[in-house]
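Visitor: Next comes run34.cif, mmCIF, C-alpha atoms and all ligand atoms:
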```cif
data_upload
#
loop_
_atom_site.label_atom_id
_atom_site.label_comp_id
_atom_site.auth_asym_id
_atom_site.auth_seq_id
_atom_site.Cartn_x
_atom_site.Cartn_y
_atom_site.Cartn_z
CA MET A 14 116.07 -36.89 -62.31
CA HIS A 15 113.44 -36.82 -64.98
CA ALA A 16 110.63 -34.46 -64.08
CA HIS A 17 107.17 -35.46 -65.07
CA PRO A 18 105.22 -32.64 -66.60
CA LYS A 19 103.13 -31.23 -63.86
CA ALA A 20 99.48 -32.24 -64.07
CA PRO A 21 97.16 -29.27 -64.35
CA ALA A 22 95.58 -28.37 -61.07
CA PRO A 23 92.03 -29.68 -60.76
CA PRO A 24 89.37 -27.02 -60.94
CA ALA A 25 88.30 -25.69 -57.57
CA ALA A 26 85.51 -27.88 -56.28
CA LEU A 27 82.10 -26.33 -56.57
CA SER A 28 80.26 -26.39 -53.30
CA VAL A 29 76.70 -25.22 -52.93
CA HIS A 30 77.97 -22.62 -50.48
CA ALA A 31 80.44 -21.17 -52.97
CA VAL A 32 77.83 -20.65 -55.66
CA PRO A 33 75.64 -17.58 -55.33
CA SER A 34 72.02 -18.40 -54.66
CA VAL A 35 69.13 -17.04 -56.70
CA LEU A 36 65.68 -15.70 -55.91
CA ILE A 37 62.85 -17.25 -57.90
CA SER A 38 59.90 -14.85 -58.18
CA GLU A 39 56.70 -16.76 -58.97
CA VAL A 40 54.45 -14.69 -61.26
CA GLY A 41 51.81 -17.29 -62.16
CA PRO A 42 48.96 -15.82 -60.08
CA ARG A 43 49.47 -12.48 -61.88
CA ASP A 44 51.08 -12.95 -65.30
CA GLY A 45 49.55 -16.42 -65.68
CA LEU A 46 45.99 -15.78 -64.56
CA GLN A 47 45.63 -12.49 -66.42
CA SER A 48 46.62 -14.18 -69.68
CA VAL A 49 43.97 -16.88 -69.59
CA GLN A 50 40.27 -16.47 -70.38
CA ALA A 51 38.92 -18.47 -67.45
CA VAL A 52 38.51 -16.86 -64.03
CA MET A 53 40.00 -18.97 -61.24
CA PRO A 54 37.64 -19.06 -58.24
CA THR A 55 39.13 -17.30 -55.21
CA ALA A 56 39.18 -20.42 -53.00
CA HIS A 57 41.24 -22.24 -55.65
CA LYS A 58 43.62 -19.28 -55.96
CA LEU A 59 44.23 -19.25 -52.22
CA ALA A 60 44.85 -23.03 -52.14
CA TRP A 61 47.28 -22.69 -55.04
CA ILE A 62 49.13 -19.83 -53.33
CA ASP A 63 49.34 -21.92 -50.13
CA ALA A 64 50.93 -24.76 -52.12
CA LEU A 65 53.43 -22.38 -53.75
CA HIS A 66 54.34 -21.04 -50.32
CA ALA A 67 54.83 -24.57 -48.99
CA SER A 68 57.38 -25.27 -51.75
CA GLY A 69 59.77 -22.69 -50.26
CA LEU A 70 59.27 -19.84 -52.74
CA ARG A 71 60.33 -16.52 -51.17
CA GLU A 72 58.73 -14.09 -53.59
CA ILE A 73 55.40 -14.11 -55.41
CA GLU A 74 53.41 -11.70 -57.57
CA VAL A 75 49.81 -12.44 -56.64
CA GLY A 76 47.78 -10.17 -58.91
CA SER A 77 47.15 -6.84 -60.62
CA PHE A 78 45.30 -3.86 -59.20
CA VAL A 79 43.26 -3.03 -62.29
CA PRO A 80 39.51 -2.41 -62.73
CA ALA A 81 37.52 -5.64 -62.52
CA ARG A 82 35.77 -4.79 -65.80
CA THR A 83 39.19 -4.80 -67.52
CA LEU A 84 40.43 -8.03 -65.95
CA PRO A 85 37.70 -9.99 -64.11
CA GLN A 86 40.43 -12.54 -63.19
CA MET A 87 41.81 -9.93 -60.75
CA ALA A 88 38.56 -8.78 -59.12
CA ASP A 89 39.55 -10.50 -55.83
CA VAL A 90 43.14 -9.20 -55.78
CA ALA A 91 42.85 -7.34 -52.44
CA GLU A 92 41.58 -10.48 -50.70
CA VAL A 93 44.35 -12.53 -52.33
CA VAL A 94 46.98 -10.04 -51.12
CA ARG A 95 45.63 -10.17 -47.56
CA HIS A 96 45.77 -13.98 -47.63
CA ALA A 97 49.28 -14.15 -49.10
CA THR A 98 50.75 -11.54 -46.76
CA ALA A 99 49.51 -13.56 -43.77
CA LEU A 100 51.87 -16.39 -44.80
CA PRO A 101 55.36 -15.95 -43.30
CA GLY A 102 58.74 -15.63 -44.93
CA TRP A 103 58.04 -14.32 -48.38
CA THR A 104 57.65 -11.08 -50.31
CA VAL A 105 54.19 -10.50 -51.76
CA MET A 106 54.11 -8.28 -54.85
CA ALA A 107 51.32 -6.88 -57.00
CA LEU A 108 51.32 -5.17 -60.36
CA VAL A 109 50.00 -1.61 -60.48
CA PRO A 110 49.67 0.20 -63.83
CA ASN A 111 48.79 3.60 -62.34
CA LEU A 112 48.46 5.67 -59.17
CA ARG A 113 44.94 4.44 -58.42
CA GLY A 114 46.19 0.84 -58.49
CA ALA A 115 49.11 1.74 -56.23
CA VAL A 116 46.77 3.32 -53.66
CA ALA A 117 44.65 0.16 -53.56
CA ALA A 118 47.68 -2.16 -53.44
CA LEU A 119 49.27 -0.28 -50.54
CA GLU A 120 45.94 -0.28 -48.70
CA ALA A 121 45.77 -4.06 -49.12
CA GLY A 122 49.26 -4.35 -47.61
CA VAL A 123 51.54 -5.51 -50.43
CA HIS A 124 55.26 -5.79 -49.63
CA LYS A 125 56.40 -4.58 -53.05
CA LEU A 126 54.91 -2.86 -56.11
CA THR A 127 55.63 -3.70 -59.75
CA VAL A 128 54.92 -1.10 -62.41
CA PRO A 129 54.96 -2.23 -66.05
CA VAL A 130 56.69 0.20 -68.42
CA SER A 131 57.16 -0.67 -72.09
CA ALA A 132 60.55 -0.17 -73.72
CA SER A 133 58.74 0.04 -77.05
CA GLU A 134 56.84 3.27 -77.63
CA ALA A 135 54.37 1.45 -79.90
CA HIS A 136 53.66 -1.20 -77.23
CA SER A 137 53.31 1.46 -74.54
CA LEU A 138 50.72 3.41 -76.55
CA ALA A 139 48.80 0.24 -77.49
CA ASN A 140 48.92 -1.32 -74.03
CA VAL A 141 48.36 1.54 -71.58
CA ARG A 142 47.60 4.43 -74.02
CA ARG A 143 50.50 6.36 -72.61
CA SER A 144 53.91 7.22 -74.03
CA ARG A 145 57.05 6.07 -72.23
CA ALA A 146 57.68 9.61 -70.98
CA GLU A 147 54.15 9.70 -69.54
CA MET A 148 54.78 6.36 -67.80
CA VAL A 149 57.98 7.76 -66.25
CA ALA A 150 55.79 10.53 -64.80
CA VAL A 151 53.35 7.90 -63.46
CA VAL A 152 56.27 6.13 -61.76
CA ARG A 153 57.29 9.43 -60.17
CA GLU A 154 53.75 9.82 -58.77
CA ILE A 155 53.71 6.27 -57.43
CA VAL A 156 57.11 6.77 -55.77
CA ALA A 157 55.86 9.99 -54.13
CA LEU A 158 52.80 8.12 -52.81
CA ARG A 159 55.03 5.31 -51.53
CA ASP A 160 57.39 7.79 -49.84
CA ALA A 161 54.45 9.46 -48.10
CA THR A 162 52.47 6.40 -47.01
CA ALA A 163 54.60 3.23 -47.10
CA PRO A 164 58.32 4.08 -47.25
CA GLY A 165 59.39 0.47 -46.73
CA VAL A 166 57.71 -0.81 -49.91
CA PRO A 167 60.08 -1.05 -52.90
CA VAL A 168 58.88 0.00 -56.35
CA GLU A 169 60.14 -2.30 -59.08
CA ILE A 170 59.72 -1.66 -62.79
CA GLY A 171 59.03 -4.54 -65.14
CA MET A 172 60.35 -3.15 -68.42
CA SER A 173 58.30 -5.03 -70.99
CA THR A 174 59.34 -5.56 -74.63
CA ALA A 175 62.98 -4.83 -73.66
CA PHE A 176 64.22 -7.45 -76.13
CA GLY A 177 61.86 -6.79 -79.04
CA CYS A 178 58.27 -5.93 -79.81
CA THR A 179 55.70 -7.54 -82.09
CA LEU A 180 54.33 -4.09 -83.02
CA GLN A 181 57.50 -2.18 -83.87
CA GLY A 182 60.02 -5.03 -84.23
CA ALA A 183 63.46 -4.27 -82.84
CA VAL A 184 63.80 -2.09 -79.74
CA ALA A 185 67.05 -0.11 -79.70
CA GLU A 186 69.30 -1.06 -76.77
CA ASP A 187 70.21 2.60 -76.33
CA GLU A 188 66.52 3.32 -75.65
CA VAL A 189 66.29 0.54 -73.05
CA VAL A 190 69.34 1.97 -71.24
CA TRP A 191 67.94 5.52 -71.55
CA LEU A 192 64.56 4.44 -70.15
CA ALA A 193 66.20 2.55 -67.26
CA GLU A 194 68.10 5.73 -66.33
CA GLN A 195 64.91 7.83 -66.53
CA LEU A 196 63.08 5.37 -64.26
CA VAL A 197 65.86 5.36 -61.67
CA ALA A 198 65.84 9.16 -61.75
CA ALA A 199 62.07 8.99 -61.13
CA GLY A 200 62.78 7.06 -57.92
CA ALA A 201 62.27 3.41 -58.90
CA ASP A 202 64.23 0.97 -56.74
CA GLU A 203 64.79 -1.76 -59.31
CA ILE A 204 64.48 -2.09 -63.07
CA GLY A 205 63.85 -5.60 -64.39
CA LEU A 206 63.96 -6.50 -68.06
CA SER A 207 61.13 -8.52 -69.63
CA ASP A 208 61.11 -10.52 -72.85
CA THR A 209 57.37 -10.02 -73.23
CA THR A 210 57.21 -11.35 -76.77
CA GLY A 211 59.67 -14.25 -76.49
CA MET A 212 62.15 -12.72 -78.94
CA ALA A 213 65.35 -12.65 -76.84
CA ASN A 214 68.45 -14.75 -77.43
CA PRO A 215 71.23 -15.51 -74.93
CA LEU A 216 73.87 -13.15 -76.33
CA GLN A 217 71.34 -10.33 -76.42
CA VAL A 218 70.34 -11.07 -72.82
CA ARG A 219 73.98 -10.95 -71.71
CA ARG A 220 74.69 -7.73 -73.55
CA LEU A 221 71.57 -5.85 -72.48
CA PHE A 222 71.83 -6.79 -68.79
CA GLN A 223 75.52 -5.80 -68.86
CA ARG A 224 74.70 -2.46 -70.48
CA VAL A 225 71.85 -1.72 -68.07
CA ARG A 226 74.02 -2.70 -65.09
CA ALA A 227 76.79 -0.42 -66.35
CA ALA A 228 74.23 2.42 -66.42
CA ILE A 229 72.24 1.86 -63.20
CA GLY A 230 74.36 -0.56 -61.16
CA ASP A 231 72.62 -2.49 -58.40
CA LYS A 232 69.23 -1.01 -59.33
CA THR A 233 69.24 -3.67 -62.05
CA GLY A 234 66.37 -6.00 -61.21
CA SER A 235 64.95 -9.30 -62.27
CA ALA A 236 65.08 -11.20 -65.54
CA HIS A 237 61.55 -11.90 -66.78
CA LEU A 238 62.15 -14.26 -69.67
CA HIS A 239 59.74 -16.24 -71.79
CA ASN A 240 59.98 -19.66 -73.39
CA THR A 241 57.80 -18.89 -76.40
CA ARG A 242 60.48 -20.10 -78.82
CA GLY A 243 62.31 -22.51 -76.54
CA LEU A 244 65.10 -20.19 -75.36
CA GLY A 245 63.75 -19.48 -71.87
CA LEU A 246 66.29 -21.48 -69.85
CA ALA A 247 69.20 -20.56 -72.14
CA ASN A 248 68.31 -16.90 -71.65
CA CYS A 249 68.03 -17.34 -67.86
CA LEU A 250 71.48 -18.94 -67.76
CA ALA A 251 72.89 -16.09 -69.86
CA ALA A 252 71.43 -13.58 -67.39
CA TYR A 253 72.83 -15.58 -64.45
CA ASP A 254 76.29 -15.55 -66.06
CA VAL A 255 76.32 -11.74 -66.04
CA GLY A 256 75.22 -11.45 -62.42
CA VAL A 257 71.41 -11.48 -62.46
CA ARG A 258 70.17 -13.20 -59.29
CA THR A 259 66.37 -12.73 -59.46
CA PHE A 260 64.32 -14.64 -62.01
CA ASP A 261 60.61 -14.42 -62.72
CA ALA A 262 58.90 -17.68 -63.65
CA SER A 263 55.40 -19.15 -63.78
CA LEU A 264 54.29 -22.53 -62.49
CA GLY A 265 53.36 -24.74 -65.43
CA GLY A 266 54.47 -21.90 -67.74
CA LEU A 267 50.99 -20.46 -67.31
CA GLY A 268 50.34 -17.27 -69.24
CA GLY A 269 52.89 -14.92 -70.72
CA CYS A 270 50.93 -14.19 -73.90
CA PRO A 271 52.17 -17.14 -75.95
CA TYR A 272 51.95 -16.14 -79.62
CA ALA A 273 53.04 -19.45 -81.08
CA PRO A 274 50.36 -22.15 -80.82
CA GLY A 275 51.44 -24.93 -78.47
CA ALA A 276 54.28 -22.86 -77.02
CA SER A 277 54.39 -21.79 -73.42
CA GLY A 278 54.92 -18.14 -72.56
CA ASN A 279 56.61 -17.66 -69.23
CA VAL A 280 59.62 -19.69 -68.23
CA VAL A 281 58.37 -22.75 -66.34
CA THR A 282 59.23 -22.42 -62.63
CA GLU A 283 59.70 -26.18 -62.21
CA ASP A 284 62.24 -26.36 -65.07
CA LEU A 285 64.09 -23.26 -63.86
CA VAL A 286 64.37 -24.57 -60.29
CA PHE A 287 65.61 -27.91 -61.63
CA MET A 288 68.30 -26.21 -63.72
CA PHE A 289 69.65 -24.11 -60.87
CA GLU A 290 69.45 -26.83 -58.21
CA ALA A 291 71.18 -29.32 -60.54
CA MET A 292 73.99 -26.74 -60.91
CA GLY A 293 74.27 -26.45 -57.13
CA VAL A 294 72.72 -22.96 -57.14
CA ASP A 295 70.41 -22.70 -54.16
CA THR A 296 66.85 -21.58 -54.91
CA GLY A 297 65.37 -22.38 -51.50
CA VAL A 298 62.61 -24.23 -53.37
CA ASP A 299 61.78 -27.91 -52.91
CA LEU A 300 61.22 -29.28 -56.41
CA GLU A 301 58.85 -32.11 -55.38
CA HIS A 302 56.68 -29.69 -53.43
CA LEU A 303 56.77 -27.25 -56.32
CA ILE A 304 55.54 -29.90 -58.76
CA ALA A 305 52.82 -30.80 -56.25
CA ALA A 306 51.57 -27.19 -56.50
CA ARG A 307 50.38 -28.01 -60.05
CA ALA A 308 47.47 -29.98 -58.57
CA PRO A 309 45.63 -26.99 -57.05
CA LEU A 310 46.43 -24.96 -60.19
CA ARG A 311 44.88 -27.66 -62.36
CA ALA A 312 41.87 -27.92 -60.02
CA GLY A 313 41.22 -24.18 -60.37
CA LEU A 314 41.81 -24.02 -64.15
CA PRO A 315 40.90 -27.48 -65.44
CA ASP A 316 40.87 -26.51 -69.14
CA GLU A 317 44.21 -24.71 -69.26
CA PRO A 318 47.29 -26.56 -70.62
CA LEU A 319 50.25 -26.74 -68.24
CA TYR A 320 53.83 -26.91 -69.55
CA GLY A 321 57.10 -28.14 -68.12
CA MET A 322 59.72 -30.68 -69.18
CA VAL A 323 60.73 -31.65 -65.63
CA PRO A 324 57.17 -32.36 -64.42
CA ASP A 325 56.61 -34.49 -67.56
CA ALA A 326 59.90 -36.40 -67.31
CA GLY A 327 60.00 -36.58 -63.51
CA VAL A 328 62.69 -35.62 -61.03
CA PRO A 329 65.66 -37.94 -61.69
CA ALA A 330 66.60 -40.56 -59.10
CA GLY A 331 69.36 -39.31 -56.81
CA PHE A 332 68.68 -35.66 -57.71
CA ARG A 333 68.99 -34.52 -54.10
CA ASP A 334 72.28 -36.36 -53.62
CA LEU A 335 73.60 -35.08 -56.92
CA ARG A 336 73.25 -31.43 -56.02
CA ARG A 337 75.06 -31.95 -52.72
CA LEU A 338 78.18 -33.57 -54.20
ZN ZN B 1 55.65 -12.94 -68.59
#
```
Could you spell out this file's structure in structure tokens?
Ligand code: ZN

Guide:
Amino acid sequence: MHAHPKAPAPPAALSVHAVPSVLISEVGPRDGLQSVQAVMPTAHKLAWIDALHASGLREIEVGSFVPARTLPQMADVAEVVRHATALPGWTVMALVPNLRGAVAALEAGVHKLTVPVSASEAHSLANVRRSRAEMVAVVREIVALRDATAPGVPVEIGMSTAFGCTLQGAVAEDEVVWLAEQLVAAGADEIGLSDTTGMANPLQVRRLFQRVRAAIGDKTGSAHLHNTRGLGLANCLAAYDVGVRTFDASLGGLGGCPYAPGASGNVVTEDLVFMFEAMGVDTGVDLEHLIAARAPLRAGLPDEPLYGMVPDAGVPAGFRDLRRL
């Protein structure tokens, strides 16, 4: 009997349950608002945060604990933290550049602290007037404070300029890995990598996250990627492919120090949620509700441009059915 060549087995069906879910960390109220000139009135901020919460987001960075004379946009940060932490079911983070900021953030009741540490020595000196080694010492102080007063609050590092720096150009990958190890030794719980200047490419993202994971394992934190030159989503997908499961993003792409005129900075949360949900990767976020959260943002910052391909094009018909196939 003539045997037909055996047909190749079909690929295993992808079900939403078989695909690891991701955590989208909304950074617009911090990274976004501190990058724009205008100061959003507190009542508008709170309405915007309520709308973000209603979309199903489970993590948000709501502000920076810095002196009001440095960043008047953040003068109300303690009140914003108290409001956000009263909403159930999400982790409320704040950025703290030093011990004084950490004291104030813990007093306000944040769930998690983020400390920015530059991978580039030139950026570190220009930005916080401290060397990287001095910032590692600051992290050690903040961890000691946390251990003494709020042991349940994780300390995450946002390692800025990990993929390149406008001041010094390339940042050696060996130095990023070295710094990640120093920060873990100082007691940090997670080390995320940030493409502050929008210079990363997908192969670089893959390689650097793999190298950092090889060095510090599950202390590897979020991917904070920018869309300055259009590679934001490609870079997020590259990070996902090598096991990253937490992604920072900003509603409307607000902020993120865009250097190129007309380009957004931060990855647009709406576009990122669309990409993952279309792939069957659960984000927990309702895309229609997320897009609706642009209205209170626009009301509070009427002169600021908002970005996003999905909000402009619209959610495709049948999108919900599609992702459940
Ligand atoms: Zn950013």

Visitor: Could you jot down the CA of Arg153 (chain A) to CA of Gly200 (chain A) separation for me, Å, one decimal place?

Guide: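 Those two atoms sit 6.4 Å apart.
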
Visitor: Excluding Ala51 (chain A) and residues on its chain fewer than 4 positions from it, collect all residues at most 9 Å away from it, counting all atoms listed in the file, and give them as a PyMOL selection string.

Guide: chain A and resi 46+86+314+316-317

Visitor: Taking C-alpha atoms for each residue, export the selection above as a short mmCIF file (atom, residue, chain, number, x, y, z; two decimals), keeping the file's coordinate frame.

Guide:
```cif
data_model
loop_
_atom_site.label_atom_id
_atom_site.label_comp_id
_atom_site.auth_asym_id
_atom_site.auth_seq_id
_atom_site.Cartn_x
_atom_site.Cartn_y
_atom_site.Cartn_z
CA LEU A 46 45.99 -15.78 -64.56
CA GLN A 86 40.43 -12.54 -63.19
CA LEU A 314 41.81 -24.02 -64.15
CA ASP A 316 40.87 -26.51 -69.14
CA GLU A 317 44.21 -24.71 -69.26
#
```

Visitor: Return as a PyMOL selection string every polymer residue, whether protein, DNA or RNA, with at least one atom no more than 7 Å from an atom of ligand ZN 1 (chain B); count only C-alpha atoms and all ligand atoms.

Guide: chain A and resi 44+209+237-239+268-269+278-279

Visitor: Could you please determine the separation between CA of Asp231 (chain A) and CA of Val189 (chain A) in Å, to one decimal place?

Guide: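 According to the coordinates, CA of Asp231 (chain A) and CA of Val189 (chain A) are separated by 16.2 Å.
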
Visitor: If you take all atoms listed in the file and a cut-off of 7 Å, which residues of region 60-103 of chain A touch region 301-311 of chain A, and what are their nearest atom pairs and distances in Å to one decimal, in chain and number order, as a Markdown table?

Guide:
```
| residue | atom | partner | partner_atom | distance |
| --- | --- | --- | --- | --- |
| A:Ala60 | CA | A:Pro309 | CA | 6.4 |
| A:Trp61 | CA | A:Pro309 | CA | 5.0 |
| A:Ala64 | CA | A:Ala306 | CA | 5.0 |
| A:Leu65 | CA | A:Ala306 | CA | 5.8 |
| A:Ser68 | CA | A:His302 | CA | 4.8 |
```

Visitor: Compile the contact shell of Ser131 (chain A) as a ChimeraX atom specification: residues with an atom at most 12 Å away, counting all atoms listed in the file, same-chain residues fewer than 2 positions apart removed.

Guide: /A:110,128-129,133-149,170-178,180-181,184,188-189,192-193,196,204-210

Visitor: Output C-alpha atoms for every residue in that selection, as a JSON list (two decimals), in the frame of the given file.

Guide:
```json
[["chain", "number", "residue", "atom", "x", "y", "z"],
["A", 110, "PRO", "CA", 49.67, 0.20, -63.83],
["A", 128, "VAL", "CA", 54.92, -1.10, -62.41],
["A", 129, "PRO", "CA", 54.96, -2.23, -66.05],
["A", 133, "SER", "CA", 58.74, 0.04, -77.05],
["A", 134, "GLU", "CA", 56.84, 3.27, -77.63],
["A", 135, "ALA", "CA", 54.37, 1.45, -79.90],
["A", 136, "HIS", "CA", 53.66, -1.20, -77.23],
["A", 137, "SER", "CA", 53.31, 1.46, -74.54],
["A", 138, "LEU", "CA", 50.72, 3.41, -76.55],
["A", 139, "ALA", "CA", 48.80, 0.24, -77.49],
["A", 140, "ASN", "CA", 48.92, -1.32, -74.03],
["A", 141, "VAL", "CA", 48.36, 1.54, -71.58],
["A", 142, "ARG", "CA", 47.60, 4.43, -74.02],
["A", 143, "ARG", "CA", 50.50, 6.36, -72.61],
["A", 144, "SER", "CA", 53.91, 7.22, -74.03],
["A", 145, "ARG", "CA", 57.05, 6.07, -72.23],
["A", 146, "ALA", "CA", 57.68, 9.61, -70.98],
["A", 147, "GLU", "CA", 54.15, 9.70, -69.54],
["A", 148, "MET", "CA", 54.78, 6.36, -67.80],
["A", 149, "VAL", "CA", 57.98, 7.76, -66.25],
["A", 170, "ILE", "CA", 59.72, -1.66, -62.79],
["A", 171, "GLY", "CA", 59.03, -4.54, -65.14],
["A", 172, "MET", "CA", 60.35, -3.15, -68.42],
["A", 173, "SER", "CA", 58.30, -5.03, -70.99],
["A", 174, "THR", "CA", 59.34, -5.56, -74.63],
["A", 175, "ALA", "CA", 62.98, -4.83, -73.66],
["A", 176, "PHE", "CA", 64.22, -7.45, -76.13],
["A", 177, "GLY", "CA", 61.86, -6.79, -79.04],
["A", 178, "CYS", "CA", 58.27, -5.93, -79.81],
["A", 180, "LEU", "CA", 54.33, -4.09, -83.02],
["A", 181, "GLN", "CA", 57.50, -2.18, -83.87],
["A", 184, "VAL", "CA", 63.80, -2.09, -79.74],
["A", 188, "GLU", "CA", 66.52, 3.32, -75.65],
["A", 189, "VAL", "CA", 66.29, 0.54, -73.05],
["A", 192, "LEU", "CA", 64.56, 4.44, -70.15],
["A", 193, "ALA", "CA", 66.20, 2.55, -67.26],
["A", 196, "LEU", "CA", 63.08, 5.37, -64.26],
["A", 204, "ILE", "CA", 64.48, -2.09, -63.07],
["A", 205, "GLY", "CA", 63.85, -5.60, -64.39],
["A", 206, "LEU", "CA", 63.96, -6.50, -68.06],
["A", 207, "SER", "CA", 61.13, -8.52, -69.63],
["A", 208, "ASP", "CA", 61.11, -10.52, -72.85],
["A", 209, "THR", "CA", 57.37, -10.02, -73.23],
["A", 210, "THR", "CA", 57.21, -11.35, -76.77]]
```

Visitor: In Å, rounded to a single decimal, give me how far CA of Ala236 (chain A) is from CA of Leu119 (chain A).

Guide: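 Separation of CA of Leu119 (chain A) and CA of Ala236 (chain A): 24.4 Å.
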
Visitor: Restricting the calculation to all atoms listed in the file: of A:Asn111, A:Thr83, A:Ser263, A:Thr179, which residue gets closest to Leu126 (chain A)?

Guide: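 Closest to Leu126 (chain A) of all the choices is A:Asn111.
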
Visitor: Write out as a PyMOL selection string each polymer residue whose atoms come within 9 Å of Thr98 (chain A), counting only C-alpha atoms; drop sequence neighbours fewer than 6 positions from it.

Guide: chain A and resi 104-105+122-124
